[in-house]
Amino acid sequence: MSTQASRSAARTMLSPAVILLFVWMIVPLVLTLWFSFHRYNLLTPERYGFIWFQNYANFVTSPDFWGAIVNTLILVLGVLFITVVGGILIALLIDRPIWGQGPVRILVISPFFIMPPVAALVWKNMFFNPTNGLFAAAFHAIGLRPYDFLGQAPLASIIVIVAWQWLPFATLILLTALQSLSSEQLEAAEMDGAPPVKRFWYIVLPHLSRAITVVVLIQTIFLLGILVEILVTTNGGPGTQSTTLTFLVYKEALLNFDAGKAAAGGVVAVILANIVAIFLMRAIGKNLDA
Amino acid sequence: MGQITLSKVAKRFGDAEVIPPLDLIIDDGEFVVFVGPSGCGKSTLLRLIAGLEDTSDGRILIDGKDATALGPAQRGLAMVFQSYALYPHMSVRSNIAFPLKMAGLDKAEQDRRVEGAAKVLNLTNYLDRRPGQLSGGQRQRVAIGRAIVREPAAFLFDEPLSNLDAALRVGMRLEISELHERLKTTMIYVTHDQVEAMTMADKIVVLNAGRIEQVGSPLELYRTPRNLFVAGFIGSPKMSFITGAEAQKAGGATVGVRPEHLRVSPSEGPWRGTVGVSEHLGSDTFFHVHDTGLAPVITVRADGEVALSHGDTVHLTPQADKIHRFDQNGLRI
Amino acid sequence: MGQITLSKVAKRFGDAEVIPPLDLIIDDGEFVVFVGPSGCGKSTLLRLIAGLEDTSDGRILIDGKDATALGPAQRGLAMVFQSYALYPHMSVRSNIAFPLKMAGLDKAEQDRRVEGAAKVLNLTNYLDRRPGQLSGGQRQRVAIGRAIVREPAAFLFDEPLSNLDAALRVGMRLEISELHERLKTTMIYVTHDQVEAMTMADKIVVLNAGRIEQVGSPLELYRTPRNLFVAGFIGSPKMSFITGAEAQKAGGATVGVRPEHLRVSPSEGPWRGTVGVSEHLGSDTFFHVHDTGLAPVITVRADGEVALSHGDTVHLTPQADKIHRFDQNGLRI
Amino acid sequence: MARAVSTQRKAFNTVVAWGVALLIAFPIIWTVLTSFKPEPQAVATPPIWLGFDWTTKNYHDVVQQRGYFSFFLNSVIIALGSTALGLLIAIPAAWSMAFVPGRRTRDLLMWMLSTKMMPAVAVLTPLYLIFRTLGLLDSRLGLVVVLMLINLPIIVWMLYTYFKEIPGEILEAARMDGASLWNEILYVLTPMAIPGIASTLILNIILAWNEAFWTIILTVTDAAPLTKFISGFSSPQGLFYAKLSAASTMAIAPILIMGWFSQKQLVRGLTFGAVK
Amino acid sequence: AQDTVTLTIATVNNGDMVRMQGLTDDFTSQHPDIQLEWVTLEENVLRQNVTQDIATNGGQYDVVTIGTYEVPIWGKQGWLAPLDDLPADYDVDDLLPSIRAGLSVDGTLYAAPFYGESSFVMYRKDLAEAAGVTIPDQPTWDDIRKAAEAMNDPDNGVYGICLRGKAGWGENMAFLTTMANSYGARWFDENWKPQFDSPEWKAAITDYLDLMNNYGPPGASSNGFNENLTLFQQGKCGMWIDATVAGSFVTDPNNSTVADKVGFALAPDAGHGRRANWLWAWSLAIPASSDAIPQAKEFIAWATGKGYTELVANSEGWANVPPGTRTSLYENQDYLSAAPFAQMTIDSINAADPNSPTEQPVPYTGVQFVAIPEFQGLGTSVGQEFSAALAGEKSVDEALAAAQDVATQTMTEAGYITQ
Ligand SMILES: Nc1ncnc2c1ncn2[C@@H]1O[C@H](COP(=O)(O)OP(=O)(O)OP(=O)(O)O)[C@@H](O)[C@H]1O
Ligand SMILES: Nc1ncnc2c1ncn2[C@@H]1O[C@H](COP(=O)(O)OP(=O)(O)OP(=O)(O)O)[C@@H](O)[C@H]1O
Ligand SMILES: [Mg+2]
Ligand SMILES: [Mg+2]
């Protein structure tokens with residue numbers, strides 16, 4: 001379908017999206033770069049001035065920086081792990097013939113519709129809260145001392161909340177992928193003498209690899225930006241145990257109102273995000289083309 | 001060994017009886033083709049034998065032992081699927097070796113058998129490719145390879161050629177026949193294409209709506225079809241059926257004549273009509289004759305050199321000894 | 001009217017020259033079939049004519065007027081796609097009426113033409129169905145209906161039957177031929193199936209790797225193939241090729257004999273071999289003869305009644321006047 | 001050709017699946033239950049499952065304190081507006097990428113996606129300044145544009161993968177039939193892609209409805225959606241579980257109900273090319 | 001008649017502010033040309049939104065609710081409209097002097113206090129009695145410790161003491177700074193050198209952790225004002241040291257299960273001349289960028305005037321009037337008798353001195369905060385360290401050392417410390 005006419009039509013039709021996204025990307029980016037070289041604290045505008053890489057140096061050498069990177073990675077990988085593994089298991093489960101497939105599916109995807117602040121508030125207050133939360137009640141019921149989830153295992157708790165929100169997404173994508181697996185392939189493996197576990201390992205899992213990459217790619221993009229959940233539940237603490245890179249930037253931007261340092265942090269975050277992205281896109285590119 | 005006996009085997013999906021109780025014996029080493037129109041239950045029957053579906057009734061014996069309750073892997077059969085069902089993420093080598101790996105054979109033995117099968121099937125140069133990088137015919141061969149290495153008691157094929165193009169189909173058909181000649185293993189082959197059935201089978205089982213219409217060798221079916229269904233199904237182009245007075249005269253409610261048993265002449269013969277489309281194959285020519293008053297269209301095979309054009313009037317003479325007569329119930333007289 | 005002239009038409013995709021410059025004239029009312037192996041550029045050529053691809057070089061004239069720069073809609077051609085390309089969300093009626101709607105015809109005229117086409121194609125009862133509710137053959141007819149209503153200068157068909165099963169394919173092939181008889185409109189038909197080409201075409205264009213190997217009527221190609229490629233491509237089963245001393249004797253570097261031009265006998269004849277697979281079609285039997293020392297396999301057509309089995313020794317006699325001789329370059333002598 | 005499964009197996013699977021499903025949805029169910037409890041019972045230990053004094057007082061209180069309708073209306077307008085605008089821009093773009101692919105198509109797609117990787121907080125101040133200059137602060141239009149841009153890459157990708165599954169031959173047929181580009185998209189592509197477009201639409205509404213950074217930062221009152229509504233409830237003084245639950249329920253109910261009703265459509269197109 | 005003007009008012013989502021929204025008919029009936037639009041947000045979100053807007057001159061708000069921390073900083077920046085020409089019947093001189101001082105820059109008032117607060121001890125009289133301890137009106141930290149130990153009964157869901165643990169300059173650091181003040185510690189010396197390496201800080205934090213680890217509720221590291229309030233209202237705390245406004249909540253029978261069992265005492269001391277109480281006022285101010293300054297002033301005069309106090313008293317009862325802003329309120333017998341905590345509140349407020357929060361000299365103003373722009377971030381970072389110590393992730397020494405580091409880095413970057 002490539003005549004001159006259709007190609008130029010395509011260019012015309014593509015351009016609004018490309019131009020808009022380009023502007024959306026480049027204008028804030030340039031401004032951010034500009035600010036990142038300036039001392040620019042909203043609260044002390046009189047001290048505005050050009051300071052070369054000072055903001056970057058301050059941001060990167062801050063004692064929380066490396067911890068934040070590690071926390072970011074743990075958060076992203078933790079959520080990915082739970083959602084992918086959980087998603088596969090749930091997809092396998094609801095792919096089978098059961099009564100009430102519709103309602104079950106509705107229940108399973110429900111968390112996807114919940115706005116992040118609500119999810120975080122509900123989990124924090126009604127589940128994790130060590131005195132009034134349901135988990136505390138459950139611990140009580142079996143005679144244990146309540147566990148202070150957000151205090152003792154802040155990052156893990158946040159991972160649980162975020163994973164809960166993203167589990168439906170992973171499940172749905174994996175489920176559609178699972179349903180696209182030809183039953184003949186499974187039957188062939190059965191004829192070939194593969195028992196269920198081996199069929200899963202040798203046939204189903206490889207078939208899902210593409211869907212898994214898609215889940216990983218999309219979720220990573222969203223997960224790198226997780227902020228509200230941290231803000232509502234732990235505020236990055238205790239200490240800096242649940243401080244991620246995004247949260248660190250947030251602290252500069254909305255606690256210190258240091259627009260310059262926040263910009264520098266943002267640029268650092270973008271660079272790191274893009275390293276992750278290139279990594280991912282290499283992988284997914286391979287998988288998407290196949 | 002690979003003698004398979006079906007005794008009163010039936011299959012129901014919910015309330016729908018797809019296969020009414022049916023008996024069939026497949027001898028060791030035979031090439032049996034199940035043929036019939038789409039939806040008649042061929043695949044279902046094959047899958048019952050494979051163990052991929054549970055029988056609703058009856059018993060399946062393999063080499064005399066009751067296999068009705070065995071799982072697909074325990075029956076010692078191998079199956080080649082219509083879609084090939086290759087594992088797309090494995091190399092050809094791993095695909096073929098997969099059943100051996102599952103059986104726990106050691107690596108050296110696996111390699112030996114894979115190499116052997118690859119040689120037989122001309123796949124040696126493709127062992128390291130993925131199925132996605134192969135042509136249709138090559139994929140088909142890989143699927144067969146995967147079946148061969150298991151050295152099964154019988155091979156089951158479910159329309160293995162229907163995804164290939166015409167030329168390849170002919171080639172692969174030959175290859176499978178040759179394979180059968182070489183291995184002498186029982187093969188059960190499902191197709192809806194009567195040409196495939198005729199050319200490949202030792203024994204054809206014609207199915208219609210789950211019932212067996214006739215079992216026999218290709219030539220038996222060709223020469224003495226038991227009823228109208230088989231008569232119409234076997235032979236290409238189709239037999240033409242004549243009803244009415246002319247049929248009564250010949251001694252049946254319906255009379256069938258195959259295109260190759262009609263002589264065409266511009267001037268003489270009992271039946272008269274006009275030529276419609278003519279198909280020149282070089283070797284032969286098929287004329288479609290209309291307006292005979294006997295049947296909507298009568299197909300005639302003539303020599304490749306006969307030249308008649310659209311609208312010409314022709315006369316047809318059936319070979320008297322090659323006429324098939326059927327009674328009101330469609331049964332052969 | 002529908003005379004189409006290609007003059008020095010070429011197509012490159014990037015650096016790959018898929019169609020080297022090529023000349024071709026298609027006369028008004030002709031049924032032209034492009035045939036050739038997969039990937040040889042048949043579809044590309046058809047799409048160049050349709051205007052769905054730009055030519056890299058050369059000019060396309062339709063009824064003498066230069067159409068090279070016209071868009072697909074302006075050329076007055078109609079196309080039937082391999083996948084039918086029906087609009088799944090529209091009823092059959094809307095599908096057929098779509099080109100008329102695009103042309104801005106009034107509702108009454110649209111209905112009149114749709115009804116007409118539906119009558120011709122036996123679709124009247126299905127006009128309110130969606131394509132998804134139709135069988136393969138019916139869908140194919142809708143696609144043709146959509147083409148007919150436009151009253152185009154020529155029809156373009158791209159492998160329109162390859163998604164149908166064997167029996168239907170034969171039926172639809174006849175319908176298209178009958179349609180051509182009735183409409184007498186130019187038709188260009190792409191297929192890789194030489195049987196279709198032979199049975200339908202007034203004129204066959206054999207393509208190979210983008211080049212035209214030969215143009216001619218089916219019987220011309222059957223009787224006097226210009227080179228080895230055409231000889232091997234036309235005719236089913238394939239011609240057998242013999243090289244070496246025996247070929248020299250017959251007067252060529254390679255000699256080809258069609259299966260139907262060999263006589264088989266258990267005892268006498270110049271060529272000797274053993275029977276491999278034999279295919280019984282009832283009407284005919286094809287033997288694959290091995291070990292002749294002349295060619296890997298020689299295919300022979302015999303009467304349906306001849307009975308020879310695997311391993312039998314046979315003698316073959318070619319009909320001397322039906323032998324095809326080719327020189328070292330593969331050209332007909 | 002799915003194999004028939006024995007009834008016992010099916011029963012077992014059903015029980016397990018329902019168990020898991022209820023577990024996953026439990027936080028939502030619990031929130032809704034809690035919203036009907038009187039405050040003291042909301043924090044009672046051990047928790048009261050159903051035998052509490054059902055009341056709608058919390059809803060009355062919440063609405064009285066904060067209002068609801070204008071937040072709801074803004075959420076609707078912003079979600080629908082950004083989705084409509086996004087589709088309007090994304091459909092042609094996805095058409096181009098799917099049917100007239102170039103060598104760089106995939107790179108382009110990945111680039112689009114990468115624009116989502118900039119942490120929002122980092123561009124907060126620049127964007128705030130831009131919005132101030134353009135007078136878009138606290139305006140629905142501003143939010144519609146921002147959310148549209150945020151989600152555009154996802155929309156384009158979803159539509160692209162969906163369009164790619166539509167055989168190009170059908171569009172070519174339309175072209176042969178004399179359809180202009182506009183007619184081709186209007187009469188053929190769009191109706192055929194309805195499932196994909198519906199799915200994209202739903203996903204985008206969900207994402208826009210739930211976006212909780214820009215909607216809070218860039219609005220004050222006129223354009224404030226439900227995310228802003230909920231951010232006033234995160235910790236009022238005293239016992240607040242029941243009121244928080246009521247407010248939460250009110251914030252999520254519309255989208256949850258929409259999601260349930262359009263579940264099939266959402267699921268149908270939500271593949272991002274994960275299935276080949 | 002002139003066009004109607006719409007005032008956009010940003011408020012915190014606490015009870016008094018919400019109540020005010022319910023009473024605005026009174027204002028709008030007096031001012032038919034002014035419409036009010038409310039933005040009610042959680043404290044942190046409010047602060048972020050408002051600061052972002054004011055600092056970038058966004059002009060979204062006409063009246064903002066800010067605290068004693070922001071007013072001096074923003075007033076100095078010129079971001080706030082001075083409240084110098086308030087009507088005579090407003091009676092500026094009636095404002096409590098320490099509060100007024102905290103809201104003025106160089107003698108000019110930049111915000112009007114809506115309510116003021118200090119902090120004090122709330123305790124369960126019934127539990128104390130049952131445990132056989134008494135809490136004096138002017139307790140020492142030692143008294144508190146003993147009482148906590150006596151009342152602690154975790155098996156029955158009662159914890160000896162609830163204190164803030166959630167990280168944040170306005171959360172745990174508000175409390176910890178006052179506690180440190182009472183131990184004689186300070187944030188910075190006169191040269192802005194951080195003082196977390198001092199023995200006073202160590203003593204304060206050690207005692208804090210000791211109290212919380214032994215007698216505090218589980219998960220205290222995420223408890224802030226609201227969490228503790230909930231706990232106390234449910235009867236799960238023996239004592240709670242927090243804002244004086246909480247007095248009216250814990251004694252409100254509608255929400256509190258222990259309303260009639262609460263006793264009050266001044267914040268504790270450790271013999272260093274300062275009690276551990278803070279000074280805070282949620283106040284209404286007008287951003288300089290507002291385009292409706294005169295109308296905003298009218299609103300502020302209404303909302304923080306004497307009339308409003310009476311309005312609330314008439315409609316909701318005296319116990320619910322906003323406390324801590326006016327001398328006259330504490331001379332009103334109706335109020336004093338309706339609010340058992342009133343005297344303790346005014347005493348606490350009067351005991352706080354923003355200019356001299358601790359016994360050693362300091363270069364800053366602010367009792368529980370340091371009134372410099374960098375404090376929000378710094379206070380939160382330090383708060384996180386102590387929160388981590390409370391959660392058991394760090395030892396006292398580690399937390400203090402980390403606090404010292406981050407404070408030194410911040411102050412150096414900001415140019416307070418010059419090498
Ligand atoms: N799992 C099933 N549940 C219900 N009905 C089924 C099932 N599988 C097959 N059938 C029905 O059984 C009948 C036979 O199906 P089967 O697939 O065996 O036909 P077939 O002869 O293989 O046809 P084809 O040539 O099209 O492959 C059909 O009517 C089909 O609809
Ligand atoms: N858009 C394209 N870009 C690059 N190469 C192409 C393109 N379309 C076709 N080709 C190449 O051009 C050659 C001819 O393709 P074409 O589709 O015309 O073959 P065909 O004869 O129709 O084959 P088939 O019988 O399989 O349909 C092939 O080698 C193909 O790979
Ligand atoms: Mg079948
Ligand atoms: Mg083609």
# chains A, B, ... in the order shown; residues from 1 in each chain; ligands from 1

call {"tool": "residues_near_ligand", "arguments": {"ligand": "ligand 1", "cutoff": "9 Å", "atoms": "only C-alpha atoms and all ligand atoms", "output": "ChimeraX atom specification"}}
result
/B:11-14,16-19,34-47,53,82,158-159,190-192,207-210 /D:1-4

call {"tool": "select_by_dssp", "arguments": {"residues": "range 69-243 of chain A", "states": "helix (DSSP H, G or I)", "output": "VMD selection string"}}
result
chain A and resid 69 to 95 101 to 113 116 to 128 134 to 141 149 to 152 154 to 179 183 to 191 196 to 223 228 to 233

call {"tool": "residues_around", "arguments": {"residues": "range 103-118 of chain B", "least_positions_apart": "6", "cutoff": "8 Å", "atoms": "only C-alpha atoms", "output": "PyMOL selection string"}}
result
(chain A and resi 193) or (chain B and resi 93+96-97+124+127+145+148-149)

call {"tool": "write_last_selection", "arguments": {"atoms": "C-alpha atoms", "output": "mmCIF file, in the first residue's frame"}}
result
data_model
loop_
_atom_site.group_PDB
_atom_site.id
_atom_site.type_symbol
_atom_site.label_atom_id
_atom_site.label_comp_id
_atom_site.auth_asym_id
_atom_site.auth_seq_id
_atom_site.Cartn_x
_atom_site.Cartn_y
_atom_site.Cartn_z
ATOM 1 C CA GLY A 193 4.196 -37.195 26.398
ATOM 2 C CA ARG B 93 15.920 -29.912 16.137
ATOM 3 C CA ILE B 96 11.683 -33.081 16.680
ATOM 4 C CA ALA B 97 13.525 -34.039 19.839
ATOM 5 C CA THR B 124 19.186 -31.930 7.687
ATOM 6 C CA LEU B 127 17.721 -28.331 11.871
ATOM 7 C CA GLY B 145 9.555 -35.770 11.864
ATOM 8 C CA ILE B 148 8.413 -40.378 13.354
ATOM 9 C CA VAL B 149 11.064 -40.207 16.051
#

call {"tool": "residues_around", "arguments": {"residues": "range 55-69 of chain D", "least_positions_apart": "6", "cutoff": "10 Å", "atoms": "only C-alpha atoms", "output": "CSV table (one decimal) with C-alpha atoms, in the first residue's frame"}}
result
chain,number,residue,atom,x,y,z
D,34,THR,CA,-17.2,0.5,55.6
D,35,SER,CA,-18.7,3.5,53.9
D,36,PHE,CA,-22.1,2.4,55.3
D,37,LYS,CA,-20.9,2.0,58.9
D,38,PRO,CA,-21.1,4.5,61.7
D,39,GLU,CA,-17.6,5.8,62.4
D,75,SER,CA,-13.9,14.3,36.1
D,225,PRO,CA,-12.0,16.6,39.5
D,226,LEU,CA,-12.6,13.8,41.9
D,229,PHE,CA,-12.0,15.8,46.0
D,230,ILE,CA,-10.4,12.8,47.5
D,232,GLY,CA,-9.2,16.6,50.9
D,233,PHE,CA,-10.1,13.5,52.8
D,240,PHE,CA,-12.7,9.2,59.6
D,241,TYR,CA,-12.6,5.7,58.2
D,242,ALA,CA,-16.2,5.6,57.3
D,243,LYS,CA,-16.2,9.0,55.8
D,244,LEU,CA,-13.0,8.3,53.9
D,245,SER,CA,-14.7,5.1,52.6
D,246,ALA,CA,-17.7,7.0,51.6
D,247,ALA,CA,-15.6,9.6,49.8
D,249,THR,CA,-16.6,5.0,47.1
D,250,MET,CA,-18.0,8.1,45.5
D,251,ALA,CA,-14.7,8.8,43.7
E,13,ASN,CA,-9.4,20.1,56.0
E,18,VAL,CA,-14.9,23.0,57.6
E,19,ARG,CA,-17.3,24.5,60.1
E,21,GLN,CA,-17.6,26.8,55.3
E,22,GLY,CA,-20.9,25.9,56.8
E,38,TRP,CA,-13.6,26.7,48.7
E,39,VAL,CA,-10.6,24.5,48.1
E,40,THR,CA,-10.3,22.2,51.0

call {"tool": "interface_residues", "arguments": {"of": "chain A", "to": "chain E", "cutoff": "7 Å", "atoms": "only C-alpha atoms", "output": "number ranges by chain"}}
result
A: 42-43, 130, 148, 151-152, 234, 237-240, 251, 254-256
